[in-house]
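K.L.:
Below is the file my_file-v8.pdb, which contains PDB, C-alpha atoms, pLDDT in the B column.
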MODEL        1
ATOM      1  CA  MET J  26       0.000   0.000   0.000  1.00 64.00           C
ATOM      2  CA  VAL J  27       1.357   3.421  -1.011  1.00 71.00           C
ATOM      3  CA  MET J  28       1.969   5.697   1.975  1.00 76.00           C
ATOM      4  CA  ARG J  29       1.356   9.381   1.259  1.00 85.00           C
ATOM      5  CA  LEU J  30       2.194  12.163   3.674  1.00 92.00           C
ATOM      6  CA  PRO J  31       0.837  15.724   3.437  1.00 95.00           C
ATOM      7  CA  VAL J  32       4.319  17.202   3.882  1.00 96.00           C
ATOM      8  CA  VAL J  33       5.657  15.201   0.926  1.00 97.00           C
ATOM      9  CA  GLU J  34       2.700  16.240  -1.215  1.00 96.00           C
ATOM     10  CA  GLU J  35       3.300  19.877  -0.205  1.00 97.00           C
ATOM     11  CA  PHE J  36       6.985  19.590  -1.062  1.00 97.00           C
ATOM     12  CA  GLY J  37       6.073  17.940  -4.361  1.00 97.00           C
ATOM     13  CA  LYS J  38       3.716  20.786  -5.252  1.00 97.00           C
ATOM     14  CA  ARG J  39       6.456  23.305  -4.500  1.00 97.00           C
ATOM     15  CA  LEU J  40       8.893  21.495  -6.806  1.00 97.00           C
ATOM     16  CA  ALA J  41       6.304  20.926  -9.536  1.00 97.00           C
ATOM     17  CA  ASP J  42       5.346  24.613  -9.477  1.00 97.00           C
ATOM     18  CA  SER J  43       9.017  25.641  -9.665  1.00 94.00           C
ATOM     19  CA  GLY J  44       9.265  24.375 -13.238  1.00 94.00           C
ATOM     20  CA  TRP J  45      12.797  23.006 -12.909  1.00 97.00           C
ATOM     21  CA  VAL J  46      11.919  19.503 -11.641  1.00 98.00           C
ATOM     22  CA  THR J  47      10.273  16.959 -13.951  1.00 98.00           C
ATOM     23  CA  ASP J  48       9.781  14.057 -11.536  1.00 98.00           C
ATOM     24  CA  LEU J  49       9.769  13.481  -7.778  1.00 98.00           C
ATOM     25  CA  LEU J  50      10.120   9.926  -6.500  1.00 98.00           C
ATOM     26  CA  VAL J  51       9.732   8.356  -3.062  1.00 98.00           C
ATOM     27  CA  ALA J  52      12.386   5.953  -1.746  1.00 97.00           C
ATOM     28  CA  GLY J  53      13.393   4.797   1.739  1.00 95.00           C
ATOM     29  CA  SER J  54      11.049   3.641   4.465  1.00 95.00           C
ATOM     30  CA  LEU J  55       8.111   5.579   3.046  1.00 96.00           C
ATOM     31  CA  ALA J  56       8.397   3.520  -0.148  1.00 95.00           C
ATOM     32  CA  THR J  57       8.814   0.184   1.628  1.00 94.00           C
ATOM     33  CA  GLY J  58       5.897   0.788   4.023  1.00 94.00           C
ATOM     34  CA  ASP J  59       8.164   0.997   7.071  1.00 96.00           C
ATOM     35  CA  TYR J  60       7.834   4.729   7.741  1.00 96.00           C
ATOM     36  CA  ILE J  61       7.531   5.665  11.434  1.00 95.00           C
ATOM     37  CA  PRO J  62       6.674   9.327  12.207  1.00 93.00           C
ATOM     38  CA  GLY J  63       9.305  11.033  14.305  1.00 91.00           C
ATOM     39  CA  VAL J  64      11.829   8.256  13.635  1.00 94.00           C
ATOM     40  CA  SER J  65      12.193   7.688   9.903  1.00 95.00           C
ATOM     41  CA  ASP J  66      13.790  10.071   7.438  1.00 94.00           C
ATOM     42  CA  LEU J  67      11.982  11.117   4.259  1.00 96.00           C
ATOM     43  CA  ASP J  68      14.111   9.975   1.312  1.00 97.00           C
ATOM     44  CA  LEU J  69      13.168  11.538  -2.018  1.00 98.00           C
ATOM     45  CA  VAL J  70      14.746  11.687  -5.457  1.00 98.00           C
ATOM     46  CA  ALA J  71      14.066  14.560  -7.878  1.00 98.00           C
ATOM     47  CA  VAL J  72      14.896  14.392 -11.572  1.00 98.00           C
ATOM     48  CA  VAL J  73      15.959  17.649 -13.212  1.00 98.00           C
ATOM     49  CA  PRO J  74      16.610  18.251 -16.926  1.00 97.00           C
ATOM     50  CA  ALA J  75      19.817  20.217 -16.285  1.00 95.00           C
ATOM     51  CA  PRO J  76      22.180  21.006 -13.390  1.00 93.00           C
ATOM     52  CA  VAL J  77      20.473  23.149 -10.775  1.00 93.00           C
ATOM     53  CA  ASP J  78      21.527  26.335  -9.018  1.00 96.00           C
ATOM     54  CA  PRO J  79      22.201  25.371  -5.367  1.00 96.00           C
ATOM     55  CA  ALA J  80      20.231  28.441  -4.270  1.00 96.00           C
ATOM     56  CA  TRP J  81      17.120  26.980  -5.914  1.00 96.00           C
ATOM     57  CA  ILE J  82      17.490  23.777  -3.924  1.00 97.00           C
ATOM     58  CA  ALA J  83      17.944  25.641  -0.643  1.00 96.00           C
ATOM     59  CA  ALA J  84      14.867  27.732  -1.394  1.00 96.00           C
ATOM     60  CA  ALA J  85      12.823  24.608  -2.179  1.00 96.00           C
ATOM     61  CA  HIS J  86      13.584  23.198   1.272  1.00 96.00           C
ATOM     62  CA  ASP J  87      13.152  26.459   3.158  1.00 95.00           C
ATOM     63  CA  GLY J  88      10.366  26.413   5.732  1.00 94.00           C
ATOM     64  CA  PHE J  89      10.075  22.658   6.180  1.00 94.00           C
ATOM     65  CA  ASP J  90      10.535  21.403   9.735  1.00 91.00           C
ATOM     66  CA  PRO J  91      14.148  20.149  10.092  1.00 91.00           C
ATOM     67  CA  ALA J  92      12.889  17.438  12.455  1.00 90.00           C
ATOM     68  CA  LEU J  93      11.205  15.762   9.470  1.00 91.00           C
ATOM     69  CA  ASN J  94      14.648  15.024   7.998  1.00 93.00           C
ATOM     70  CA  LEU J  95      13.267  15.575   4.507  1.00 96.00           C
ATOM     71  CA  GLY J  96      16.155  14.748   2.200  1.00 96.00           C
ATOM     72  CA  CYS J  97      16.276  14.800  -1.571  1.00 98.00           C
ATOM     73  CA  VAL J  98      18.801  13.810  -4.239  1.00 98.00           C
ATOM     74  CA  TYR J  99      18.646  16.005  -7.364  1.00 98.00           C
ATOM     75  CA  VAL J 100      19.609  13.802 -10.310  1.00 98.00           C
ATOM     76  CA  THR J 101      20.222  15.284 -13.757  1.00 97.00           C
ATOM     77  CA  ALA J 102      18.223  13.277 -16.304  1.00 95.00           C
ATOM     78  CA  GLY J 103      21.230  12.544 -18.508  1.00 93.00           C
ATOM     79  CA  ARG J 104      23.148  11.022 -15.585  1.00 95.00           C
ATOM     80  CA  VAL J 105      20.448   8.763 -14.157  1.00 93.00           C
ATOM     81  CA  GLU J 106      22.216   5.584 -15.287  1.00 91.00           C
ATOM     82  CA  ASP J 107      25.704   6.752 -14.238  1.00 93.00           C
ATOM     83  CA  LEU J 108      26.269   4.770 -11.042  1.00 91.00           C
ATOM     84  CA  GLY J 109      29.306   6.799 -10.026  1.00 92.00           C
ATOM     85  CA  ALA J 110      27.894  10.259 -10.668  1.00 95.00           C
ATOM     86  CA  ARG J 111      27.581  12.586  -7.694  1.00 96.00           C
ATOM     87  CA  HIS J 112      24.439  14.657  -7.410  1.00 97.00           C
ATOM     88  CA  PRO J 113      23.401  17.632  -5.248  1.00 97.00           C
ATOM     89  CA  THR J 114      21.784  16.103  -2.167  1.00 98.00           C
ATOM     90  CA  TRP J 115      19.873  17.980   0.520  1.00 97.00           C
ATOM     91  CA  THR J 116      20.286  16.136   3.815  1.00 95.00           C
ATOM     92  CA  HIS J 117      19.882  17.315   7.402  1.00 91.00           C
ATOM     93  CA  GLY J 118      19.839  20.961   6.356  1.00 92.00           C
ATOM     94  CA  LEU J 119      22.981  20.776   4.215  1.00 95.00           C
ATOM     95  CA  LEU J 120      23.648  20.504   0.485  1.00 96.00           C
ATOM     96  CA  VAL J 121      26.295  17.886  -0.288  1.00 97.00           C
ATOM     97  CA  GLN J 122      27.359  15.867  -3.330  1.00 97.00           C
ATOM     98  CA  ARG J 123      26.521  12.147  -3.226  1.00 96.00           C
ATOM     99  CA  ILE J 124      25.905   9.241  -5.546  1.00 96.00           C
ATOM    100  CA  LEU J 125      22.446   7.762  -5.936  1.00 96.00           C
ATOM    101  CA  SER J 126      23.313   4.528  -4.161  1.00 95.00           C
ATOM    102  CA  GLY J 127      22.493   1.094  -5.450  1.00 94.00           C
ATOM    103  CA  VAL J 128      20.318   0.431  -2.409  1.00 94.00           C
ATOM    104  CA  THR J 129      18.291   3.595  -3.052  1.00 96.00           C
ATOM    105  CA  ARG J 130      17.969   2.583  -6.709  1.00 97.00           C
ATOM    106  CA  ALA J 131      16.662  -0.818  -5.589  1.00 96.00           C
ATOM    107  CA  GLU J 132      14.160   0.815  -3.201  1.00 96.00           C
ATOM    108  CA  LEU J 133      12.923   2.987  -6.050  1.00 97.00           C
ATOM    109  CA  VAL J 134      12.626   0.251  -8.667  1.00 96.00           C
ATOM    110  CA  ARG J 135      11.174  -2.391  -6.329  1.00 95.00           C
ATOM    111  CA  HIS J 136       8.984  -0.230  -4.077  1.00 96.00           C
ATOM    112  CA  GLY J 137       9.123   3.452  -5.046  1.00 97.00           C
ATOM    113  CA  TYR J 138       6.391   5.626  -6.514  1.00 97.00           C
ATOM    114  CA  PRO J 139       6.104   9.138  -7.968  1.00 97.00           C
ATOM    115  CA  VAL J 140       4.781  12.148  -6.111  1.00 97.00           C
ATOM    116  CA  PHE J 141       4.512  13.601  -9.594  1.00 98.00           C
ATOM    117  CA  GLY J 142       5.993  12.758 -12.976  1.00 98.00           C
ATOM    118  CA  ARG J 143       7.059   9.362 -14.255  1.00 97.00           C
ATOM    119  CA  SER J 144       7.324   6.136 -12.264  1.00 97.00           C
ATOM    120  CA  PRO J 145      10.720   4.855 -11.096  1.00 96.00           C
ATOM    121  CA  ALA J 146      10.471   1.970 -13.580  1.00 94.00           C
ATOM    122  CA  GLU J 147      10.242   4.492 -16.434  1.00 96.00           C
ATOM    123  CA  LEU J 148      13.313   6.395 -15.263  1.00 96.00           C
ATOM    124  CA  LEU J 149      15.670   3.742 -13.892  1.00 95.00           C
ATOM    125  CA  PRO J 150      16.932   0.431 -15.242  1.00 93.00           C
ATOM    126  CA  PRO J 151      15.580  -2.703 -13.532  1.00 94.00           C
ATOM    127  CA  MET J 152      17.389  -4.119 -10.493  1.00 95.00           C
ATOM    128  CA  SER J 153      17.881  -7.880 -10.528  1.00 96.00           C
ATOM    129  CA  ASP J 154      18.540  -9.905  -7.380  1.00 98.00           C
ATOM    130  CA  ASP J 155      22.230  -9.935  -8.284  1.00 97.00           C
ATOM    131  CA  ASP J 156      22.163  -6.155  -8.740  1.00 96.00           C
ATOM    132  CA  ILE J 157      20.831  -5.842  -5.190  1.00 97.00           C
ATOM    133  CA  ARG J 158      23.535  -8.174  -3.909  1.00 97.00           C
ATOM    134  CA  ARG J 159      26.119  -6.042  -5.688  1.00 96.00           C
ATOM    135  CA  ALA J 160      24.679  -2.839  -4.227  1.00 96.00           C
ATOM    136  CA  ALA J 161      24.742  -4.270  -0.704  1.00 97.00           C
ATOM    137  CA  ARG J 162      28.304  -5.516  -1.141  1.00 97.00           C
ATOM    138  CA  ASN J 163      29.410  -2.089  -2.346  1.00 96.00           C
ATOM    139  CA  GLU J 164      27.966  -0.408   0.743  1.00 96.00           C
ATOM    140  CA  LEU J 165      29.500  -2.963   3.092  1.00 98.00           C
ATOM    141  CA  THR J 166      32.941  -2.850   1.502  1.00 97.00           C
ATOM    142  CA  GLY J 167      32.770   0.916   0.976  1.00 96.00           C
ATOM    143  CA  TYR J 168      31.495   3.102   3.799  1.00 96.00           C
ATOM    144  CA  TRP J 169      31.152   0.333   6.364  1.00 98.00           C
ATOM    145  CA  ALA J 170      34.668  -0.973   5.732  1.00 98.00           C
ATOM    146  CA  TRP J 171      35.865   2.576   6.358  1.00 98.00           C
ATOM    147  CA  ALA J 172      33.840   2.682   9.592  1.00 98.00           C
ATOM    148  CA  ALA J 173      35.130  -0.708  10.742  1.00 98.00           C
ATOM    149  CA  ARG J 174      38.663   0.714  10.756  1.00 98.00           C
ATOM    150  CA  ARG J 175      37.514   3.425  13.193  1.00 98.00           C
ATOM    151  CA  PRO J 176      36.073   1.607  16.210  1.00 98.00           C
ATOM    152  CA  TRP J 177      35.832   4.777  18.281  1.00 98.00           C
ATOM    153  CA  ILE J 178      33.043   6.194  16.092  1.00 98.00           C
ATOM    154  CA  PHE J 179      30.717   3.413  17.268  1.00 98.00           C
ATOM    155  CA  ARG J 180      30.512   5.152  20.644  1.00 98.00           C
ATOM    156  CA  ASP J 181      27.916   7.355  18.954  1.00 98.00           C
ATOM    157  CA  PRO J 182      24.647   5.586  19.920  1.00 97.00           C
ATOM    158  CA  VAL J 183      22.957   6.609  16.658  1.00 96.00           C
ATOM    159  CA  LEU J 184      25.771   5.121  14.575  1.00 98.00           C
ATOM    160  CA  ALA J 185      25.823   1.959  16.676  1.00 98.00           C
ATOM    161  CA  ASP J 186      22.096   1.399  16.061  1.00 98.00           C
ATOM    162  CA  LEU J 187      22.537   2.154  12.363  1.00 98.00           C
ATOM    163  CA  ALA J 188      25.428  -0.300  12.120  1.00 98.00           C
ATOM    164  CA  LEU J 189      23.510  -3.151  13.711  1.00 98.00           C
ATOM    165  CA  THR J 190      20.495  -2.702  11.426  1.00 98.00           C
ATOM    166  CA  SER J 191      22.623  -2.033   8.348  1.00 98.00           C
ATOM    167  CA  MET J 192      24.623  -5.204   8.878  1.00 98.00           C
ATOM    168  CA  ALA J 193      21.409  -7.220   9.171  1.00 98.00           C
ATOM    169  CA  ARG J 194      20.082  -5.616   5.991  1.00 98.00           C
ATOM    170  CA  GLY J 195      23.359  -6.252   4.203  1.00 98.00           C
ATOM    171  CA  ARG J 196      23.462  -9.916   5.159  1.00 98.00           C
ATOM    172  CA  HIS J 197      19.859 -10.347   4.026  1.00 98.00           C
ATOM    173  CA  ALA J 198      20.513  -8.667   0.679  1.00 98.00           C
ATOM    174  CA  LEU J 199      23.581 -10.810   0.022  1.00 98.00           C
ATOM    175  CA  ALA J 200      21.731 -13.997   0.904  1.00 97.00           C
ATOM    176  CA  HIS J 201      18.410 -13.313  -0.816  1.00 98.00           C
ATOM    177  CA  GLY J 202      18.889 -10.530  -3.360  1.00 97.00           C
ATOM    178  CA  SER J 203      16.072  -8.523  -1.792  1.00 97.00           C
ATOM    179  CA  LEU J 204      15.631  -5.627   0.616  1.00 97.00           C
ATOM    180  CA  LEU J 205      14.919  -5.851   4.324  1.00 97.00           C
ATOM    181  CA  THR J 206      13.164  -3.002   6.116  1.00 97.00           C
ATOM    182  CA  LYS J 207      14.785  -1.375   9.128  1.00 97.00           C
ATOM    183  CA  SER J 208      12.090  -2.702  11.455  1.00 97.00           C
ATOM    184  CA  LEU J 209      12.672  -6.269  10.307  1.00 98.00           C
ATOM    185  CA  ALA J 210      16.424  -5.695  10.450  1.00 98.00           C
ATOM    186  CA  VAL J 211      16.108  -4.949  14.169  1.00 98.00           C
ATOM    187  CA  GLU J 212      14.723  -8.452  14.691  1.00 98.00           C
ATOM    188  CA  ALA J 213      17.578  -9.927  12.618  1.00 98.00           C
ATOM    189  CA  ALA J 214      20.361  -7.944  14.308  1.00 98.00           C
ATOM    190  CA  ALA J 215      23.391  -9.854  15.571  1.00 98.00           C
ATOM    191  CA  ALA J 216      22.792  -8.722  19.133  1.00 98.00           C
ATOM    192  CA  PRO J 217      21.716 -10.252  22.447  1.00 98.00           C
ATOM    193  CA  PRO J 218      17.974 -10.263  23.241  1.00 98.00           C
ATOM    194  CA  TRP J 219      18.217  -7.361  25.692  1.00 98.00           C
ATOM    195  CA  LEU J 220      19.753  -5.136  23.007  1.00 98.00           C
ATOM    196  CA  ILE J 221      17.239  -6.191  20.356  1.00 98.00           C
ATOM    197  CA  THR J 222      14.470  -5.213  22.775  1.00 98.00           C
ATOM    198  CA  GLN J 223      16.070  -1.792  23.209  1.00 98.00           C
ATOM    199  CA  LEU J 224      16.659  -1.392  19.454  1.00 98.00           C
ATOM    200  CA  ARG J 225      13.004  -2.227  18.840  1.00 98.00           C
ATOM    201  CA  ALA J 226      11.886   0.372  21.376  1.00 98.00           C
ATOM    202  CA  ARG J 227      14.012   3.080  19.751  1.00 97.00           C
ATOM    203  CA  ARG J 228      12.739   2.094  16.316  1.00 97.00           C
ATOM    204  CA  GLN J 229       9.224   2.655  17.675  1.00 95.00           C
ATOM    205  CA  GLY J 230      10.185   6.126  18.883  1.00 94.00           C
ATOM    206  CA  ARG J 231      10.713   5.443  22.580  1.00 96.00           C
ATOM    207  CA  ALA J 232      13.730   6.967  24.321  1.00 94.00           C
ATOM    208  CA  VAL J 233      15.218   3.756  25.727  1.00 97.00           C
ATOM    209  CA  PRO J 234      19.002   3.934  26.271  1.00 97.00           C
ATOM    210  CA  SER J 235      21.515   1.103  25.938  1.00 98.00           C
ATOM    211  CA  PRO J 236      24.891   0.695  27.676  1.00 98.00           C
ATOM    212  CA  ARG J 237      27.019   2.897  25.476  1.00 97.00           C
ATOM    213  CA  LEU J 238      30.357   1.076  25.416  1.00 98.00           C
ATOM    214  CA  ARG J 239      28.858  -2.419  25.385  1.00 98.00           C
ATOM    215  CA  THR J 240      26.586  -1.479  22.477  1.00 98.00           C
ATOM    216  CA  ALA J 241      29.465   0.193  20.637  1.00 98.00           C
ATOM    217  CA  TRP J 242      31.600  -2.928  20.947  1.00 98.00           C
ATOM    218  CA  LEU J 243      28.792  -5.226  19.760  1.00 98.00           C
ATOM    219  CA  ALA J 244      28.043  -2.969  16.776  1.00 98.00           C
ATOM    220  CA  TRP J 245      31.712  -2.658  15.817  1.00 98.00           C
ATOM    221  CA  ARG J 246      32.294  -6.414  16.108  1.00 98.00           C
ATOM    222  CA  ASP J 247      29.274  -7.152  13.935  1.00 98.00           C
ATOM    223  CA  THR J 248      30.443  -4.599  11.362  1.00 98.00           C
ATOM    224  CA  VAL J 249      33.930  -6.098  11.189  1.00 98.00           C
ATOM    225  CA  ARG J 250      32.562  -9.610  10.722  1.00 98.00           C
ATOM    226  CA  THR J 251      29.939  -8.658   8.153  1.00 98.00           C
ATOM    227  CA  VAL J 252      32.299  -6.485   6.124  1.00 98.00           C
ATOM    228  CA  SER J 253      34.923  -9.224   6.129  1.00 98.00           C
ATOM    229  CA  ALA J 254      32.413 -11.823   4.931  1.00 97.00           C
ATOM    230  CA  ALA J 255      31.160  -9.477   2.205  1.00 97.00           C
ATOM    231  CA  GLY J 256      34.678  -8.971   0.966  1.00 92.00           C
ATOM    232  CA  ARG J 257      35.118 -12.724   0.570  1.00 90.00           C
ATOM    233  CA  SER J 258      31.767 -13.316  -1.158  1.00 80.00           C
TER
ENDMDL
END
Could you write out this structure as structure tokens?
P.N.:
Amino acid sequence: MVMRLPVVEEFGKRLADSGWVTDLLVAGSLATGDYIPGVSDLDLVAVVPAPVDPAWIAAAHDGFDPALNLGCVYVTAGRVEDLGARHPTWTHGLLVQRILSGVTRAELVRHGYPVFGRSPAELLPPMSDDDIRRAARNELTGYWAWAARRPWIFRDPVLADLALTSMARGRHALAHGSLLTKSLAVEAAAAPPWLITQLRARRQGRAVPSPRLRTAWLAWRDTVRTVSAAGRS
């Protein structure tokens, strides 16, 4: 079932009225049906016919509640199929340059839908099971391999939670060639029952803390093991 939020529709109307965006697509948890208000980010992808003035992007996002974490990747139409291309990306109030990741592409093709414009299937090439495995492997051996070499960063409770769920999602993608939602990833995390209970509570929006150093060590250990296995697969 397609989940539609008034704030996304409002943002879509603003972009459609601007005249410089041809399509706005929904990815992330909103696309997969796992969106939780106050917890999940809003992950959107806009297609533009030509490179965009950064000031236009900032103006498009002006006035939206930062707590919504409404992020959007602005992909130039001619570079949609370029896997290595970096695109202007509005995230957490900042404009950065990022690729449109393979996992986001899979979310779009398998589960995404348009706010306006064409469907993801009309804009993006299909994603086979092996394509999803490849995308997951790239994330594990890319960013997460970098993180695994920096154990101290796992003392950040947000990163530790993200690592545990991301490793579960990565293992699932490698094994099955399909995507696992964050909520289901909590249940599949390589963590003791007490920590899974606390992860589940945080995923549901409850402020339940975990022992910081113990959780950091568990998340780092899981990351090291999962990244290592991905590199051998």
K.L.:
Any chance you could work out the axis-aligned box around region 141-158 of chain J, listed atoms only, 3 Å on each side, giving centre and edge lengths in Å to one decimal, as AutoDock Vina command-line options?
P.N.:
--center_x 14.0 --center_y 1.8 --center_z -10.2 --size_x 25.0 --size_y 29.5 --size_z 18.5
K.L.:
Would you write out, as an NGL selection string, every residue that the PyMOL selection byres ((chain J and resi 45) around 10) captures in this file?
P.N.:
:J and (40-44 or 46-48 or 71-77 or 81)
K.L.:
Restricting the calculation to all atoms listed in the file: of J:Gly37, J:Pro145, J:Gly103, J:Pro236, which residue gets closest to Ala56 (chain J)?
P.N.:
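Between J:Gly37, J:Pro145, J:Gly103, J:Pro236, the residue approaching Ala56 (chain J) most closely is J:Pro145.
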K.L.:
Can you tell me, as a list in words, what residues are no more than 7 Å from Val105 (chain J) when counting only C-alpha atoms, ignoring any on the same chain fewer than 4 positions away?
P.N.:
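The residues satisfying every condition are Val100, Thr101 and Leu149 of chain J.
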K.L.:
May I ask which of the residues J:Gly127, J:Gly195, J:Gly142, J:Pro62 is the closest one to Glu106 (chain J), counting only C-alpha atoms?
P.N.:
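Closest candidate: J:Gly127.
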K.L.:
Can you pull out the residues contacting region 166-171 of chain J? Cut-off 12 Å, using all atoms listed in the file, and skip same-chain residues under 5 positions away; I want them as a PyMOL selection string.
P.N.:
chain J and resi 126+159-161+176+178-179+184-185+187-189+191-192+195+244-258
K.L.:
Could you please determine the separation between CA of Asp66 (chain J) and CA of Ala146 (chain J) in Å, to one decimal place?
P.N.:
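Value for the CA of Asp66 (chain J)-CA of Ala146 (chain J) distance: 22.8 Å.
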K.L.:
Which residue gives the smallest distance to Trp177 (chain J) among J:Ala83, J:Ala110, J:Leu238, J:Ala216, with only C-alpha atoms counted?
P.N.:
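The answer is J:Leu238, which sits nearest to Trp177 (chain J).
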K.L.:
Could you name the residues that touch Gly88 (chain J) at 12 Å or less, counting only C-alpha atoms, but leaving out those on the same chain fewer than 2 positions away, as a list in words?
P.N.:
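In the requested format, the answer is Val32, Glu35, Phe36, Arg39, Ala83, Ala84, Ala85, His86, Asp90, Pro91, Ala92, Leu93, Leu95 and Gly118 of chain J.
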K.L.:
If I put a ball of radius 9 Å at (26.5, 19.7, -5.1) in the file's coordinates, which residues poke into it when counting only C-alpha atoms, written as an MDAnalysis selection string?
P.N.:
chainID J and resid 77 79 99 111:115 120:123
K.L.:
Which of these residues is nearest to Ala232 (chain J), using all atoms listed in the file: J:Val183, J:Leu125, J:Leu133, J:Leu205?
P.N.:
J:Val183
K.L.:
In Å, rounded to a single decimal, give me how far CA of Leu165 (chain J) is from CA of Leu108 (chain J).
P.N.:
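Result for CA of Leu108 (chain J) versus CA of Leu165 (chain J): 16.4 Å, one decimal.
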K.L.:
Reconstruct N, CA and C atoms of region 38-49 of chain J from the incomplete input and present them as a PDB file, in the frame of the given file.
P.N.:
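This is the output file result.pdb:
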ATOM      1  N   LYS J  38       4.380  19.677  -4.571  1.00 97.00           N
ATOM      2  CA  LYS J  38       3.716  20.786  -5.252  1.00 97.00           C
ATOM      3  C   LYS J  38       4.669  21.956  -5.427  1.00 97.00           C
ATOM      4  N   ARG J  39       5.496  22.202  -4.399  1.00 97.00           N
ATOM      5  CA  ARG J  39       6.456  23.305  -4.500  1.00 97.00           C
ATOM      6  C   ARG J  39       7.443  23.044  -5.639  1.00 97.00           C
ATOM      7  N   LEU J  40       7.943  21.810  -5.739  1.00 97.00           N
ATOM      8  CA  LEU J  40       8.893  21.495  -6.806  1.00 97.00           C
ATOM      9  C   LEU J  40       8.218  21.506  -8.170  1.00 97.00           C
ATOM     10  N   ALA J  41       7.011  20.949  -8.251  1.00 97.00           N
ATOM     11  CA  ALA J  41       6.304  20.926  -9.536  1.00 97.00           C
ATOM     12  C   ALA J  41       6.036  22.356 -10.020  1.00 97.00           C
ATOM     13  N   ASP J  42       5.638  23.231  -9.107  1.00 97.00           N
ATOM     14  CA  ASP J  42       5.346  24.613  -9.477  1.00 97.00           C
ATOM     15  C   ASP J  42       6.606  25.386  -9.856  1.00 97.00           C
ATOM     16  N   SER J  43       7.771  24.929  -9.377  1.00 94.00           N
ATOM     17  CA  SER J  43       9.017  25.641  -9.665  1.00 94.00           C
ATOM     18  C   SER J  43       9.380  25.589 -11.144  1.00 94.00           C
ATOM     19  N   GLY J  44       8.985  24.507 -11.814  1.00 94.00           N
ATOM     20  CA  GLY J  44       9.265  24.375 -13.238  1.00 94.00           C
ATOM     21  C   GLY J  44      10.611  23.788 -13.582  1.00 94.00           C
ATOM     22  N   TRP J  45      11.471  23.553 -12.590  1.00 97.00           N
ATOM     23  CA  TRP J  45      12.797  23.006 -12.909  1.00 97.00           C
ATOM     24  C   TRP J  45      12.972  21.559 -12.453  1.00 97.00           C
ATOM     25  N   VAL J  46      11.896  20.928 -12.009  1.00 98.00           N
ATOM     26  CA  VAL J  46      11.919  19.503 -11.641  1.00 98.00           C
ATOM     27  C   VAL J  46      10.848  18.790 -12.465  1.00 98.00           C
ATOM     28  N   THR J  47      11.237  17.686 -13.117  1.00 98.00           N
ATOM     29  CA  THR J  47      10.273  16.959 -13.951  1.00 98.00           C
ATOM     30  C   THR J  47       9.610  15.798 -13.224  1.00 98.00           C
ATOM     31  N   ASP J  48      10.287  15.243 -12.221  1.00 98.00           N
ATOM     32  CA  ASP J  48       9.781  14.057 -11.536  1.00 98.00           C
ATOM     33  C   ASP J  48      10.253  14.085 -10.088  1.00 98.00           C
ATOM     34  N   LEU J  49       9.391  13.633  -9.177  1.00 98.00           N
ATOM     35  CA  LEU J  49       9.769  13.481  -7.778  1.00 98.00           C
ATOM     36  C   LEU J  49       9.355  12.094  -7.322  1.00 98.00           C
TER      37      LEU J  49
END
